[in-house]
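> One file is attached below, model.txt, containing compact mmCIF, C-alpha atoms.
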# COMPACT_ATOMS: atom_id res chain seq x y z
CA MET A 1 174.11 29.09 110.78
CA ASN A 2 175.22 30.27 114.22
CA ARG A 3 178.72 29.07 113.43
CA ILE A 4 178.79 31.07 110.17
CA LYS A 5 177.60 34.18 112.04
CA LYS A 6 180.35 33.78 114.62
CA ILE A 7 182.97 33.45 111.87
CA LEU A 8 181.61 36.54 110.11
CA ARG A 9 181.59 38.52 113.35
CA PHE A 10 185.19 37.45 113.99
CA PHE A 11 186.36 38.62 110.56
CA LEU A 12 184.39 41.86 110.89
CA MET A 13 186.08 42.50 114.22
CA ILE A 14 189.54 41.84 112.74
CA PHE A 15 188.70 44.13 109.81
CA ALA A 16 187.52 46.89 112.17
CA ILE A 17 190.69 46.63 114.24
CA ALA A 18 192.77 46.86 111.06
CA ILE A 19 190.85 49.94 109.91
CA VAL A 20 191.29 51.65 113.31
CA ALA A 21 195.00 50.85 113.30
CA ALA A 22 195.39 52.17 109.77
CA VAL A 23 193.55 55.37 110.61
CA ALA A 24 195.65 55.85 113.75
CA HIS A 25 198.84 55.26 111.76
CA PHE A 26 197.71 57.72 109.07
CA ALA A 27 196.85 60.30 111.69
CA SER A 28 200.19 59.79 113.36
CA GLU A 29 201.98 60.18 110.03
CA GLN A 30 200.02 63.34 109.28
CA LEU A 31 200.78 64.76 112.73
CA SER A 32 204.51 64.26 112.32
CA SER A 33 204.61 65.62 108.77
CA PRO A 34 204.93 69.39 108.43
CA VAL A 35 203.87 69.41 104.79
CA SER A 36 200.19 69.87 105.59
CA TYR A 37 200.62 73.11 107.51
CA PHE A 38 204.14 74.37 106.61
CA GLN A 39 205.34 75.42 103.16
CA PRO A 40 208.63 73.83 102.01
CA VAL A 41 211.51 76.26 101.54
CA ASP A 42 214.58 74.04 101.16
CA THR A 43 214.54 70.25 101.33
CA ARG A 44 217.51 67.93 101.02
CA ASP A 45 218.30 64.36 101.94
CA GLY A 46 218.60 64.65 105.73
CA ALA A 47 217.52 68.28 106.19
CA GLU A 48 214.32 70.22 105.56
CA LEU A 49 213.31 73.85 106.06
CA TYR A 50 209.64 74.90 106.13
CA LYS A 51 207.81 78.17 106.61
CA LYS A 52 204.42 78.94 108.12
CA GLU A 53 202.59 82.27 108.09
CA LEU A 54 201.13 83.05 111.52
CA PRO A 55 198.41 85.62 112.39
CA ASN A 56 199.27 89.35 112.45
CA GLY A 57 202.19 89.04 110.06
CA ASN A 58 204.14 86.61 112.23
CA VAL A 59 206.22 83.85 110.66
CA ALA A 60 207.49 80.50 111.93
CA TYR A 61 210.31 78.47 110.38
CA LEU A 62 210.72 74.74 111.02
CA GLN A 63 213.97 72.88 110.47
CA VAL A 64 214.01 69.07 110.55
CA ILE A 65 217.55 67.69 110.84
CA ASN A 66 218.33 63.97 110.55
CA VAL A 67 221.46 63.59 112.69
CA GLN A 68 222.32 60.31 110.98
CA LYS A 69 222.83 62.18 107.72
CA MET A 70 223.72 65.70 108.84
CA GLN A 71 226.67 66.99 110.85
CA ILE A 72 226.00 69.50 113.65
CA ASP A 73 228.96 71.81 114.28
CA GLN A 74 229.47 74.16 117.20
CA LEU A 75 230.96 77.40 115.89
CA ILE A 76 232.66 79.18 118.79
CA GLY A 77 234.74 82.32 119.08
CA GLU A 78 238.37 82.12 120.22
CA VAL A 79 239.25 82.35 123.93
CA ASP A 80 241.01 85.41 125.35
CA ARG A 81 240.52 84.88 129.10
CA MET A 82 240.00 81.57 130.90
CA ALA A 83 238.39 82.86 134.15
CA PHE A 84 239.59 80.05 136.41
CA ASN A 85 237.21 78.81 139.14
CA LYS A 86 234.42 81.02 137.80
CA GLY A 87 232.19 78.26 136.45
CA LEU A 88 228.84 78.11 138.21
CA TYR A 89 227.15 75.06 136.70
CA TYR A 90 229.66 72.25 136.24
CA GLN A 91 230.43 69.93 139.16
CA GLY A 92 229.60 72.61 141.71
CA GLU A 93 229.93 76.39 141.85
CA ASN A 94 233.33 78.04 141.35
CA LYS A 95 235.05 74.74 140.61
CA TYR A 96 235.60 75.03 136.87
CA TYR A 97 236.66 77.67 134.39
CA SER A 98 234.28 79.93 132.48
CA PRO A 99 236.21 81.41 129.54
CA PHE A 100 235.52 84.60 127.64
CA PHE A 101 234.80 83.66 124.03
CA LYS A 102 235.17 86.14 121.19
CA SER A 103 231.85 87.49 119.89
CA LYS A 104 231.83 87.14 116.11
CA LEU A 105 229.70 88.84 113.47
CA PHE A 106 227.18 86.44 111.92
CA SER A 107 228.43 87.19 108.38
CA GLU A 108 231.97 86.23 109.44
CA VAL A 109 230.77 82.95 110.93
CA THR A 110 228.62 81.91 107.96
CA GLY A 111 231.35 83.03 105.56
CA GLU A 112 233.91 80.81 107.28
CA TYR A 113 231.44 77.91 107.38
CA LYS A 114 230.77 78.14 103.64
CA LYS A 115 234.52 78.39 102.95
CA LEU A 116 235.02 75.10 104.78
CA TYR A 117 232.03 73.11 103.53
CA GLY A 118 230.72 74.84 100.40
CA ASN A 119 227.40 73.52 99.09
CA GLY A 120 227.16 71.06 101.98
CA VAL A 121 226.01 73.86 104.33
CA PHE A 122 222.29 73.77 105.13
CA SER A 123 221.80 76.36 107.88
CA VAL A 124 223.32 78.30 110.77
CA ILE A 125 221.61 79.54 113.95
CA ASN A 126 222.78 81.33 117.10
CA CYS A 127 222.87 79.12 120.18
CA SER A 128 224.04 79.76 123.76
CA PHE A 129 222.91 82.48 126.13
CA PHE A 130 225.79 84.81 126.99
CA GLU A 131 226.63 87.16 129.82
CA GLN A 132 228.45 90.28 128.59
CA TYR A 133 227.61 92.48 125.62
CA GLU A 134 231.28 93.06 124.92
CA ARG A 135 233.92 92.01 122.39
CA SER A 136 234.21 88.73 124.30
CA THR A 137 231.81 87.13 126.74
CA GLN A 138 231.26 84.25 129.10
CA LEU A 139 228.48 81.80 128.29
CA SER A 140 225.58 81.30 130.67
CA PHE A 141 225.61 77.50 130.88
CA PRO A 142 227.99 74.59 130.25
CA ILE A 143 228.91 73.27 126.82
CA LYS A 144 230.64 70.09 125.78
CA PHE A 145 232.42 70.48 122.46
CA ASN A 146 233.93 67.44 120.75
CA ASP A 147 234.56 65.55 123.99
CA GLN A 148 235.80 68.63 125.92
CA VAL A 149 233.75 70.57 128.48
CA ILE A 150 234.82 74.08 127.47
CA THR A 151 232.89 76.13 130.04
CA GLY A 152 231.16 75.72 133.36
CA GLY A 153 228.84 78.64 132.56
CA ASN A 154 228.48 81.89 134.43
CA GLY A 155 224.82 82.95 134.31
CA ILE A 156 223.02 84.40 137.31
CA TYR A 157 219.68 83.63 135.66
CA GLY A 158 219.64 80.04 136.86
CA PRO A 159 219.71 77.77 139.93
CA VAL A 160 222.79 79.13 141.74
CA LYS A 161 223.30 80.27 145.33
CA LYS A 162 222.95 83.95 144.44
CA PRO A 163 220.65 84.18 141.42
CA LYS A 164 219.38 87.42 139.91
CA ASP A 165 215.92 86.56 141.23
CA GLY A 166 214.80 84.02 143.83
CA GLN A 167 212.54 82.31 141.29
CA TYR A 168 215.59 81.10 139.34
CA LYS A 169 216.55 78.72 142.16
CA ASN A 170 213.83 76.30 141.03
CA ILE A 171 214.63 76.44 137.32
CA ARG A 172 215.12 73.14 135.51
CA LEU A 173 218.10 73.07 133.19
CA LYS A 174 218.23 70.59 130.34
CA ALA A 175 221.03 69.22 128.18
CA LEU A 176 220.58 68.88 124.43
CA VAL A 177 222.87 66.01 123.40
CA TRP A 178 223.63 64.73 119.91
CA ASN A 179 225.85 62.29 118.06
CA ALA A 180 225.84 60.53 114.68
CA ARG A 181 223.01 58.19 115.76
CA GLU A 182 220.54 60.25 117.77
CA ALA A 183 219.66 63.50 119.50
CA TYR A 184 217.99 63.70 122.89
CA ILE A 185 217.12 66.10 125.70
CA THR A 186 217.69 65.11 129.31
CA ASN A 187 217.92 66.66 132.78
CA TYR A 188 221.14 68.47 133.62
CA GLU A 189 222.68 68.12 137.10
CA PRO A 190 224.98 71.07 137.99
CA GLN A 191 226.53 69.33 141.02
CA THR A 192 227.77 66.30 139.09
CA GLY A 193 227.83 67.67 135.55
CA LYS A 194 225.70 64.77 134.32
CA PRO A 195 225.37 64.01 131.40
CA LEU A 196 228.32 66.18 130.27
CA ASN A 197 230.64 64.23 132.57
CA GLN A 198 229.89 61.00 130.70
CA LYS A 199 232.49 59.78 128.20
CA GLU A 200 229.91 58.75 125.61
CA VAL A 201 228.55 62.30 125.46
CA GLN A 202 230.76 64.28 123.07
CA ASN A 203 228.58 67.27 122.14
CA ALA A 204 225.99 68.88 124.38
CA VAL A 205 224.53 72.29 125.18
CA VAL A 206 222.96 73.08 128.55
CA THR A 207 220.01 75.43 128.37
CA TYR A 208 216.51 76.18 129.67
CA GLU A 209 213.47 73.98 129.40
CA TYR A 210 211.22 76.37 127.50
CA LYS A 211 208.80 76.78 130.42
CA HIS A 212 211.69 78.02 132.58
CA HIS A 213 213.04 80.65 130.21
CA PRO A 214 213.22 83.99 132.11
CA ALA A 215 210.83 85.57 129.60
CA LYS A 216 208.14 83.11 130.63
CA LEU A 217 209.06 82.67 134.29
CA ILE A 218 209.60 86.33 135.18
CA SER A 219 208.28 88.48 132.31
CA LYS A 220 204.84 86.91 131.74
CA ASN A 221 205.66 85.24 128.42
CA PRO A 222 205.84 88.18 125.98
CA ALA A 223 205.76 87.73 122.22
CA ASN A 224 209.32 87.80 120.88
CA ARG A 225 211.77 85.99 118.61
CA TYR A 226 212.61 82.52 119.90
CA HIS A 227 214.15 79.21 118.92
CA VAL A 228 212.56 76.09 120.45
CA ILE A 229 214.02 72.61 119.97
CA GLY A 230 212.67 69.08 120.32
CA THR A 231 213.54 65.58 119.08
CA LEU A 232 211.51 62.89 117.31
CA ASP A 233 211.74 59.26 116.29
CA LYS A 234 210.68 58.76 112.68
CA ASP A 235 211.81 55.23 111.83
CA GLY A 236 210.35 53.32 114.80
CA ARG A 237 213.75 52.18 116.04
CA LYS A 238 215.19 53.04 119.44
CA GLY A 239 216.47 56.61 119.63
CA ASN A 240 215.32 59.94 118.19
CA GLU A 241 217.19 60.61 114.99
CA LEU A 242 215.37 63.84 114.14
CA LEU A 243 216.17 67.25 115.62
CA ALA A 244 213.32 69.75 115.16
CA ILE A 245 213.95 73.50 115.48
CA ILE A 246 211.14 76.05 115.29
CA THR A 247 212.06 79.74 115.01
CA VAL A 248 209.37 82.40 115.42
CA ASN A 249 209.72 86.12 114.76
CA GLU A 250 206.97 87.39 117.08
CA ALA A 251 205.21 84.82 119.23
CA THR A 252 205.15 83.62 122.82
CA LEU A 253 207.17 80.64 123.96
CA ASP A 254 203.90 78.80 124.57
CA ALA A 255 202.80 79.45 120.98
CA ALA A 256 206.17 78.25 119.64
CA ALA A 257 206.02 75.11 121.81
CA LYS A 258 202.44 74.47 120.63
CA LEU A 259 203.67 74.40 117.05
CA MET A 260 206.32 71.90 118.12
CA ARG A 261 203.68 69.69 119.77
CA GLU A 262 201.52 69.87 116.65
CA PHE A 263 204.51 68.68 114.66
CA GLY A 264 204.63 65.60 116.87
CA VAL A 265 207.24 66.25 119.55
CA LYS A 266 206.07 64.55 122.75
CA GLY A 267 209.17 64.86 124.92
CA ASP A 268 211.04 67.82 126.38
CA ILE A 269 211.24 71.12 124.53
CA VAL A 270 214.13 73.50 125.19
CA THR A 271 214.91 77.03 124.12
CA ILE A 272 218.26 78.61 123.30
CA ASP A 273 219.28 82.27 123.05
CA GLY A 274 216.64 84.29 121.24
CA GLY A 275 215.14 87.74 121.38
CA LEU A 276 217.19 90.39 119.61
CA SER A 277 220.06 87.91 119.11
CA THR A 278 217.97 85.49 117.01
CA TYR A 279 219.77 84.41 113.84
CA LEU A 280 218.73 82.01 111.09
CA PHE A 281 220.63 81.50 107.84
CA ASN A 282 219.98 79.17 104.90
CA PRO A 283 222.06 79.41 101.69
CA LYS A 284 219.02 79.08 99.44
CA ILE A 285 217.21 82.13 100.80
CA GLY A 286 220.02 83.86 102.69
CA GLU A 287 219.80 85.53 106.09
CA ILE A 288 216.23 84.90 107.25
CA MET A 289 216.51 86.51 110.67
CA LEU A 290 219.32 88.84 111.66
CA PRO A 291 220.49 89.87 115.13
CA GLN A 292 219.31 93.39 115.86
CA SER A 293 221.78 95.89 117.28
CA ASN A 294 220.80 98.40 119.95
CA ASN A 295 221.72 99.23 123.55
CA ILE A 296 220.92 95.77 124.94
CA ALA A 297 221.95 93.38 122.20
CA THR A 298 224.80 92.84 119.80
CA ARG A 299 225.06 91.61 116.24
CA GLU A 300 228.23 89.77 117.28
CA LEU A 301 227.57 86.49 119.07
CA PRO A 302 229.92 83.95 120.71
CA HIS A 303 228.29 80.61 119.89
CA TYR A 304 226.47 79.29 116.82
CA LEU A 305 225.28 75.91 115.53
CA GLY A 306 225.94 74.95 111.91
CA PHE A 307 224.21 72.15 110.02
CA ARG A 308 225.79 70.52 106.97
CA LYS A 309 225.69 67.37 104.90
CA ARG A 310 228.05 64.88 106.51
CA LYS A 311 228.95 63.12 103.26
CA SER A 312 229.50 65.83 100.68
CA GLN A 313 232.33 67.22 98.61
CA ILE A 314 234.14 69.82 100.69
CA ALA A 315 236.00 72.92 99.61
CA SER A 316 239.82 72.98 99.51
CA PRO A 317 241.50 71.93 102.79
CA LYS A 318 241.60 74.76 105.30
CA ILE A 319 242.38 75.46 108.95
CA LEU A 320 240.83 78.73 110.15
CA VAL A 321 241.73 80.62 113.31
CA ALA A 322 240.83 84.21 114.19
CA LYS A 323 242.63 86.57 116.53
CA PRO A 324 241.06 86.72 120.02
CA ALA A 325 239.16 89.88 120.98
CA VAL A 326 241.76 91.19 123.44
CA GLN A 327 245.37 90.47 124.37
CA VAL A 328 245.66 86.90 125.64
CA GLN A 329 247.45 86.11 128.90
CA VAL A 330 248.38 82.42 128.90
CA GLU A 331 249.52 81.53 132.42
CA ALA A 332 251.99 78.85 133.45
CA ASN A 333 250.55 75.56 134.72
CA LYS A 334 246.97 76.65 133.96
CA PRO A 335 244.85 75.36 131.08
CA TYR A 336 244.16 77.36 127.96
CA LEU A 337 241.70 76.29 125.26
CA ILE A 338 243.02 76.39 121.70
CA LEU A 339 240.07 76.60 119.28
CA TRP A 340 240.05 76.41 115.47
CA ARG A 341 237.85 75.32 112.56
CA ASP A 342 238.91 72.95 109.79
CA ASN A 343 237.59 70.63 107.10
CA ILE A 344 240.32 68.00 107.16
CA GLN A 345 240.11 64.41 108.36
CA GLU A 346 243.76 63.85 109.26
CA GLU A 347 245.37 64.76 112.56
CA VAL A 348 246.94 68.15 113.23
CA LYS A 349 250.20 69.33 114.75
CA ILE A 350 250.08 72.19 117.29
CA GLU A 351 253.22 74.28 117.92
CA LEU A 352 254.16 77.42 119.85
CA TYR A 353 256.34 80.03 118.14
CA GLN A 354 257.98 83.17 119.51
CA GLU A 355 259.50 85.58 116.99
CA ASN A 356 259.32 82.90 114.28
CA LYS A 357 261.25 80.47 116.48
CA LEU A 358 259.76 77.14 117.53
CA VAL A 359 259.55 77.12 121.32
CA GLU A 360 257.39 74.10 122.05
CA SER A 361 255.67 71.25 120.24
CA ILE A 362 252.33 71.35 122.04
CA ALA A 363 250.95 68.28 120.28
CA ASN A 364 252.63 66.27 117.50
CA ARG A 365 249.39 64.51 116.60
CA ALA A 366 246.02 65.79 117.78
CA THR A 367 242.54 65.02 116.51
CA SER A 368 241.34 67.67 114.06
CA ASP A 369 238.17 68.36 116.03
CA GLY A 370 238.70 72.05 116.69
CA VAL A 371 239.60 72.05 120.39
CA TYR A 372 242.72 71.29 122.42
CA GLU A 373 243.32 72.02 126.11
CA TRP A 374 246.91 73.11 126.66
CA LYS A 375 248.68 73.64 129.99
CA PRO A 376 252.01 75.40 129.35
CA LYS A 377 254.87 74.91 131.80
CA ILE A 378 255.93 78.57 131.55
CA ALA A 379 254.04 81.80 130.91
CA VAL A 380 253.68 82.61 127.21
CA LYS A 381 255.16 85.89 126.00
CA SER A 382 253.01 88.52 124.32
CA GLY A 383 253.24 88.38 120.53
CA SER A 384 253.66 84.61 120.39
CA LEU A 385 251.60 82.49 118.04
CA ILE A 386 250.22 78.99 118.07
CA ARG A 387 250.42 77.25 114.69
CA ILE A 388 247.96 74.47 113.85
CA SER A 389 248.86 72.48 110.74
CA SER A 390 247.85 69.29 108.98
CA VAL A 391 250.14 66.34 109.74
CA LYS A 392 249.86 65.26 106.09
CA ASN A 393 250.32 68.68 104.51
CA ALA A 394 252.09 71.36 106.56
CA LYS A 395 250.97 74.04 104.07
CA VAL A 396 247.42 73.61 105.34
CA SER A 397 247.64 75.60 108.54
CA GLY A 398 246.26 78.41 110.67
CA ALA A 399 247.79 80.60 113.36
CA LEU A 400 246.42 81.83 116.67
CA HIS A 401 248.12 85.14 117.53
CA LEU A 402 248.38 85.65 121.28
Would it be possible to restate this file's structure as structure tokens?


Amino acid sequence: MNRIKKILRFFLMIFAIAIVAAVAHFASEQLSSPVSYFQPVDTRDGAELYKKELPNGNVAYLQVINVQKMQIDQLIGEVDRMAFNKGLYYQGENKYYSPFFKSKLFSEVTGEYKKLYGNGVFSVINCSFFEQYERSTQLSFPIKFNDQVITGGNGIYGPVKKPKDGQYKNIRLKALVWNAREAYITNYEPQTGKPLNQKEVQNAVVTYEYKHHPAKLISKNPANRYHVIGTLDKDGRKGNELLAIITVNEATLDAAAKLMREFGVKGDIVTIDGGLSTYLFNPKIGEIMLPQSNNIATRELPHYLGFRKRKSQIASPKILVAKPAVQVQVEANKPYLILWRDNIQEEVKIELYQENKLVESIANRATSDGVYEWKPKIAVKSGSLIRISSVKNAKVSGALHL
């Protein structure tokens, strides 16, 4: 009899453990699923958009992006000035360039994006903090764009020798990194440039940990419009394949981060440019949040993130280039960043023309990834143009007028 009781107790214990594990798993699944407390707006294979009504008429939007199925594109305005040795956050202060990027109207950016990728487009948001409310502006912190560090940043609202306020010296900067396998957030080191200086990192944005955003650190965390970003692992394998973005229209950073924690994000949470510059677009419901124009903000922004289906039928082949904001001065023996947007897979040819005459073949075969650093041997004359064309089909081309 005692033996039977022991066996029964053993099986009861195993059963109890199984029940506890199942409950924990169910709770975990519920915690990481937004369906229970967000309303679906647009869901596709690899991308989901949800909406939640908050108290006092506030609204929160949640995007869940699977980086293994979705492409994340950095949409950046053309360069008109390179600002050599003005970078403050990449491999030491004043040791890198910090270009002025053209500020572009959100409707122009989303229009170009839809021209290139048609129905594959899922959403567009604004991204980097910027320094000047002008036709072109420097960005506050470093960016790596398709294997090229394109700016060392220029913000005085961070840990530099002469910050806007002494409290910024202790700010922690983070790098949001992504590729076709995973997305992650890690510490950023201004003196070395890590992780942007690593070859395996091809796309990354340096920004604030949400707790160190100036609005929270200096201004006592006012309610405003914010984007907060975190990453999650959904499949149990190594690496976080989900990028979660919560956008609020009138809430504190703490409240936005709390929503992110409730969704299941346990690691770092960062914030990108928000406030009056906040922008969120989804083709199904249009422009959800628009940048507001007044004395301290502009509806034209220099840096956006676009999200689209990686494997989808694209529109007709195109290479798009816009004219820089002001007259470009390309100096001899100094780098200049050529930027464009395309939807082709083949390589491109990059050429310099003056008065319709070919002056220089800058690159006979370059990767069609939208960025090329060029160091001309002689100064480039005003009125010249740089032609970017498909190697396979020369008719598919775009021109950068200098």

> For Asp273 (chain A), which of A:Lys102, A:Arg308, A:His227, A:Lys238 is the closest residue, counting only C-alpha atoms?

A:His227

> In Å, with one decimal, what is the gap from CA of Pro324 (chain A) to CA of Tyr96 (chain A)?

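Computed distance, CA of Pro324 (chain A) to CA of Tyr96 (chain A), equals 21.2 Å.
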
> Between A:Trp178, A:Phe84, A:Phe122, A:Tyr208, which has the minimum distance to Thr231 (chain A) (counting all atoms listed in the file)?

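Answer, going by the shortest atom-to-atom distance: A:Trp178.
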
> What are the closest atom pairs, with distances in Å to one decimal, for all residues of region 95-162 of chain A lying within 12 Å of region 328-340 of chain A? Consider only C-alpha atoms, order rows by chain and residue number, and present the result as JSON lines.


{"residue": "A:Tyr96", "atom": "CA", "partner": "A:Pro335", "partner_atom": "CA", "distance": 10.9}
{"residue": "A:Tyr97", "atom": "CA", "partner": "A:Pro335", "partner_atom": "CA", "distance": 9.1}
{"residue": "A:Ser98", "atom": "CA", "partner": "A:Leu337", "partner_atom": "CA", "distance": 11.0}
{"residue": "A:Pro99", "atom": "CA", "partner": "A:Leu337", "partner_atom": "CA", "distance": 8.6}
{"residue": "A:Phe100", "atom": "CA", "partner": "A:Val328", "partner_atom": "CA", "distance": 10.6}
{"residue": "A:Phe101", "atom": "CA", "partner": "A:Leu339", "partner_atom": "CA", "distance": 10.0}
{"residue": "A:Lys102", "atom": "CA", "partner": "A:Leu339", "partner_atom": "CA", "distance": 10.9}
{"residue": "A:Glu112", "atom": "CA", "partner": "A:Trp340", "partner_atom": "CA", "distance": 11.1}
{"residue": "A:Tyr113", "atom": "CA", "partner": "A:Trp340", "partner_atom": "CA", "distance": 11.9}
{"residue": "A:Leu116", "atom": "CA", "partner": "A:Trp340", "partner_atom": "CA", "distance": 11.9}
{"residue": "A:Ser136", "atom": "CA", "partner": "A:Val328", "partner_atom": "CA", "distance": 11.7}
{"residue": "A:Phe145", "atom": "CA", "partner": "A:Leu339", "partner_atom": "CA", "distance": 10.3}
{"residue": "A:Asn146", "atom": "CA", "partner": "A:Leu339", "partner_atom": "CA", "distance": 11.1}
{"residue": "A:Gln148", "atom": "CA", "partner": "A:Leu337", "partner_atom": "CA", "distance": 9.7}
{"residue": "A:Val149", "atom": "CA", "partner": "A:Leu337", "partner_atom": "CA", "distance": 10.3}
{"residue": "A:Ile150", "atom": "CA", "partner": "A:Leu337", "partner_atom": "CA", "distance": 7.6}
{"residue": "A:Thr151", "atom": "CA", "partner": "A:Leu337", "partner_atom": "CA", "distance": 10.0}

> Measuring atom to atom with all atoms listed in the file, identify which of A:Thr207, A:Asn343, A:Gln327, A:Asn179 is nearest to Lys114 (chain A).

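The closest residue to Lys114 (chain A) is A:Asn343.
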
> How many Å lie between CA of Glu48 (chain A) and CA of Glu262 (chain A), rounded to one decimal?

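Here the two named atoms are 16.9 Å from each other.
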
> What is the distance between CA of Tyr37 (chain A) and CA of Gly236 (chain A), in Å to one decimal?

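Atom-to-atom, CA of Tyr37 (chain A) to CA of Gly236 (chain A), that is 23.2 Å.
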
> Identify, on the basis of only C-alpha atoms, every residue whose closest approach to Gly155 (chain A) does not exceed 7 Å; exclude the query and any residue fewer than 3 positions from it along the same chain; express the result as a count of residues only.

4

> Return the single residue from A:Pro40, A:Gly267, A:Pro317, A:Gly275 that is closest to Ile185 (chain A), with distances computed using only C-alpha atoms.

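Result for the nearest residue to Ile185 (chain A): A:Gly267.
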
> Using all atoms listed in the file, collect all residues at a distance of at most 12 Å from (249.5, 66.5, 101.4) as written in the file, then present them as a compact mmCIF listing (two decimals) with C-alpha atoms, in the coordinates of the input.


# COMPACT_ATOMS: atom_id res chain seq x y z
CA SER A 316 239.82 72.98 99.51
CA PRO A 317 241.50 71.93 102.79
CA ILE A 344 240.32 68.00 107.16
CA GLN A 345 240.11 64.41 108.36
CA GLU A 346 243.76 63.85 109.26
CA SER A 389 248.86 72.48 110.74
CA SER A 390 247.85 69.29 108.98
CA VAL A 391 250.14 66.34 109.74
CA LYS A 392 249.86 65.26 106.09
CA ASN A 393 250.32 68.68 104.51
CA ALA A 394 252.09 71.36 106.56
CA LYS A 395 250.97 74.04 104.07
CA VAL A 396 247.42 73.61 105.34
CA SER A 397 247.64 75.60 108.54

> Ranking A:Lys52, A:Lys104, A:Lys323, A:Lys266 by minimum distance to Leu232 (chain A) and counting all atoms listed in the file, which one comes first?

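Answer, going by the shortest atom-to-atom distance: A:Lys266.
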
> Counting all atoms listed in the file, which residues in region 179-260 of chain A sit no more than 12 Å from region 64-83 of chain A? For each one, give the nearest pair of atoms and the distance in Å, sorted by chain then residue number, as JSON lines.


{"residue": "A:Asn179", "atom": "CA", "partner": "A:Val67", "partner_atom": "CA", "distance": 7.1}
{"residue": "A:Ala180", "atom": "CA", "partner": "A:Gln68", "partner_atom": "CA", "distance": 5.1}
{"residue": "A:Arg181", "atom": "CA", "partner": "A:Gln68", "partner_atom": "CA", "distance": 5.3}
{"residue": "A:Glu182", "atom": "CA", "partner": "A:Val67", "partner_atom": "CA", "distance": 6.1}
{"residue": "A:Ala183", "atom": "CA", "partner": "A:Val67", "partner_atom": "CA", "distance": 7.0}
{"residue": "A:Tyr184", "atom": "CA", "partner": "A:Val67", "partner_atom": "CA", "distance": 10.8}
{"residue": "A:Gln202", "atom": "CA", "partner": "A:Gln74", "partner_atom": "CA", "distance": 11.6}
{"residue": "A:Asn203", "atom": "CA", "partner": "A:Gln74", "partner_atom": "CA", "distance": 8.5}
{"residue": "A:Ala204", "atom": "CA", "partner": "A:Gln74", "partner_atom": "CA", "distance": 9.6}
{"residue": "A:Val205", "atom": "CA", "partner": "A:Gln74", "partner_atom": "CA", "distance": 9.6}
{"residue": "A:Ile229", "atom": "CA", "partner": "A:Val64", "partner_atom": "CA", "distance": 10.1}
{"residue": "A:Gly230", "atom": "CA", "partner": "A:Val64", "partner_atom": "CA", "distance": 9.9}
{"residue": "A:Thr231", "atom": "CA", "partner": "A:Val64", "partner_atom": "CA", "distance": 9.2}
{"residue": "A:Leu232", "atom": "CA", "partner": "A:Val64", "partner_atom": "CA", "distance": 9.5}
{"residue": "A:Asp233", "atom": "CA", "partner": "A:Asn66", "partner_atom": "CA", "distance": 9.9}
{"residue": "A:Lys234", "atom": "CA", "partner": "A:Asn66", "partner_atom": "CA", "distance": 9.5}
{"residue": "A:Asp235", "atom": "CA", "partner": "A:Asn66", "partner_atom": "CA", "distance": 11.0}
{"residue": "A:Gly239", "atom": "CA", "partner": "A:Val67", "partner_atom": "CA", "distance": 11.0}
{"residue": "A:Asn240", "atom": "CA", "partner": "A:Val67", "partner_atom": "CA", "distance": 9.0}
{"residue": "A:Glu241", "atom": "CA", "partner": "A:Asn66", "partner_atom": "CA", "distance": 5.7}
{"residue": "A:Leu242", "atom": "CA", "partner": "A:Asn66", "partner_atom": "CA", "distance": 4.7}
{"residue": "A:Leu243", "atom": "CA", "partner": "A:Ile65", "partner_atom": "CA", "distance": 5.0}
{"residue": "A:Ala244", "atom": "CA", "partner": "A:Val64", "partner_atom": "CA", "distance": 4.7}
{"residue": "A:Ile245", "atom": "CA", "partner": "A:Val64", "partner_atom": "CA", "distance": 6.6}
{"residue": "A:Ile246", "atom": "CA", "partner": "A:Val64", "partner_atom": "CA", "distance": 8.9}
{"residue": "A:Thr247", "atom": "CA", "partner": "A:Val64", "partner_atom": "CA", "distance": 11.7}
{"residue": "A:Met260", "atom": "CA", "partner": "A:Val64", "partner_atom": "CA", "distance": 11.2}

> Would you save the residues from that selection as an mmCIF file, in the coordinates of the input, using C-alpha atoms?


data_model
loop_
_atom_site.group_PDB
_atom_site.id
_atom_site.type_symbol
_atom_site.label_atom_id
_atom_site.label_comp_id
_atom_site.auth_asym_id
_atom_site.auth_seq_id
_atom_site.Cartn_x
_atom_site.Cartn_y
_atom_site.Cartn_z
ATOM 1 C CA ASN A 179 225.850 62.290 118.060
ATOM 2 C CA ALA A 180 225.840 60.530 114.680
ATOM 3 C CA ARG A 181 223.010 58.190 115.760
ATOM 4 C CA GLU A 182 220.540 60.250 117.770
ATOM 5 C CA ALA A 183 219.660 63.500 119.500
ATOM 6 C CA TYR A 184 217.990 63.700 122.890
ATOM 7 C CA GLN A 202 230.760 64.280 123.070
ATOM 8 C CA ASN A 203 228.580 67.270 122.140
ATOM 9 C CA ALA A 204 225.990 68.880 124.380
ATOM 10 C CA VAL A 205 224.530 72.290 125.180
ATOM 11 C CA ILE A 229 214.020 72.610 119.970
ATOM 12 C CA GLY A 230 212.670 69.080 120.320
ATOM 13 C CA THR A 231 213.540 65.580 119.080
ATOM 14 C CA LEU A 232 211.510 62.890 117.310
ATOM 15 C CA ASP A 233 211.740 59.260 116.290
ATOM 16 C CA LYS A 234 210.680 58.760 112.680
ATOM 17 C CA ASP A 235 211.810 55.230 111.830
ATOM 18 C CA GLY A 239 216.470 56.610 119.630
ATOM 19 C CA ASN A 240 215.320 59.940 118.190
ATOM 20 C CA GLU A 241 217.190 60.610 114.990
ATOM 21 C CA LEU A 242 215.370 63.840 114.140
ATOM 22 C CA LEU A 243 216.170 67.250 115.620
ATOM 23 C CA ALA A 244 213.320 69.750 115.160
ATOM 24 C CA ILE A 245 213.950 73.500 115.480
ATOM 25 C CA ILE A 246 211.140 76.050 115.290
ATOM 26 C CA THR A 247 212.060 79.740 115.010
ATOM 27 C CA MET A 260 206.320 71.900 118.120
#
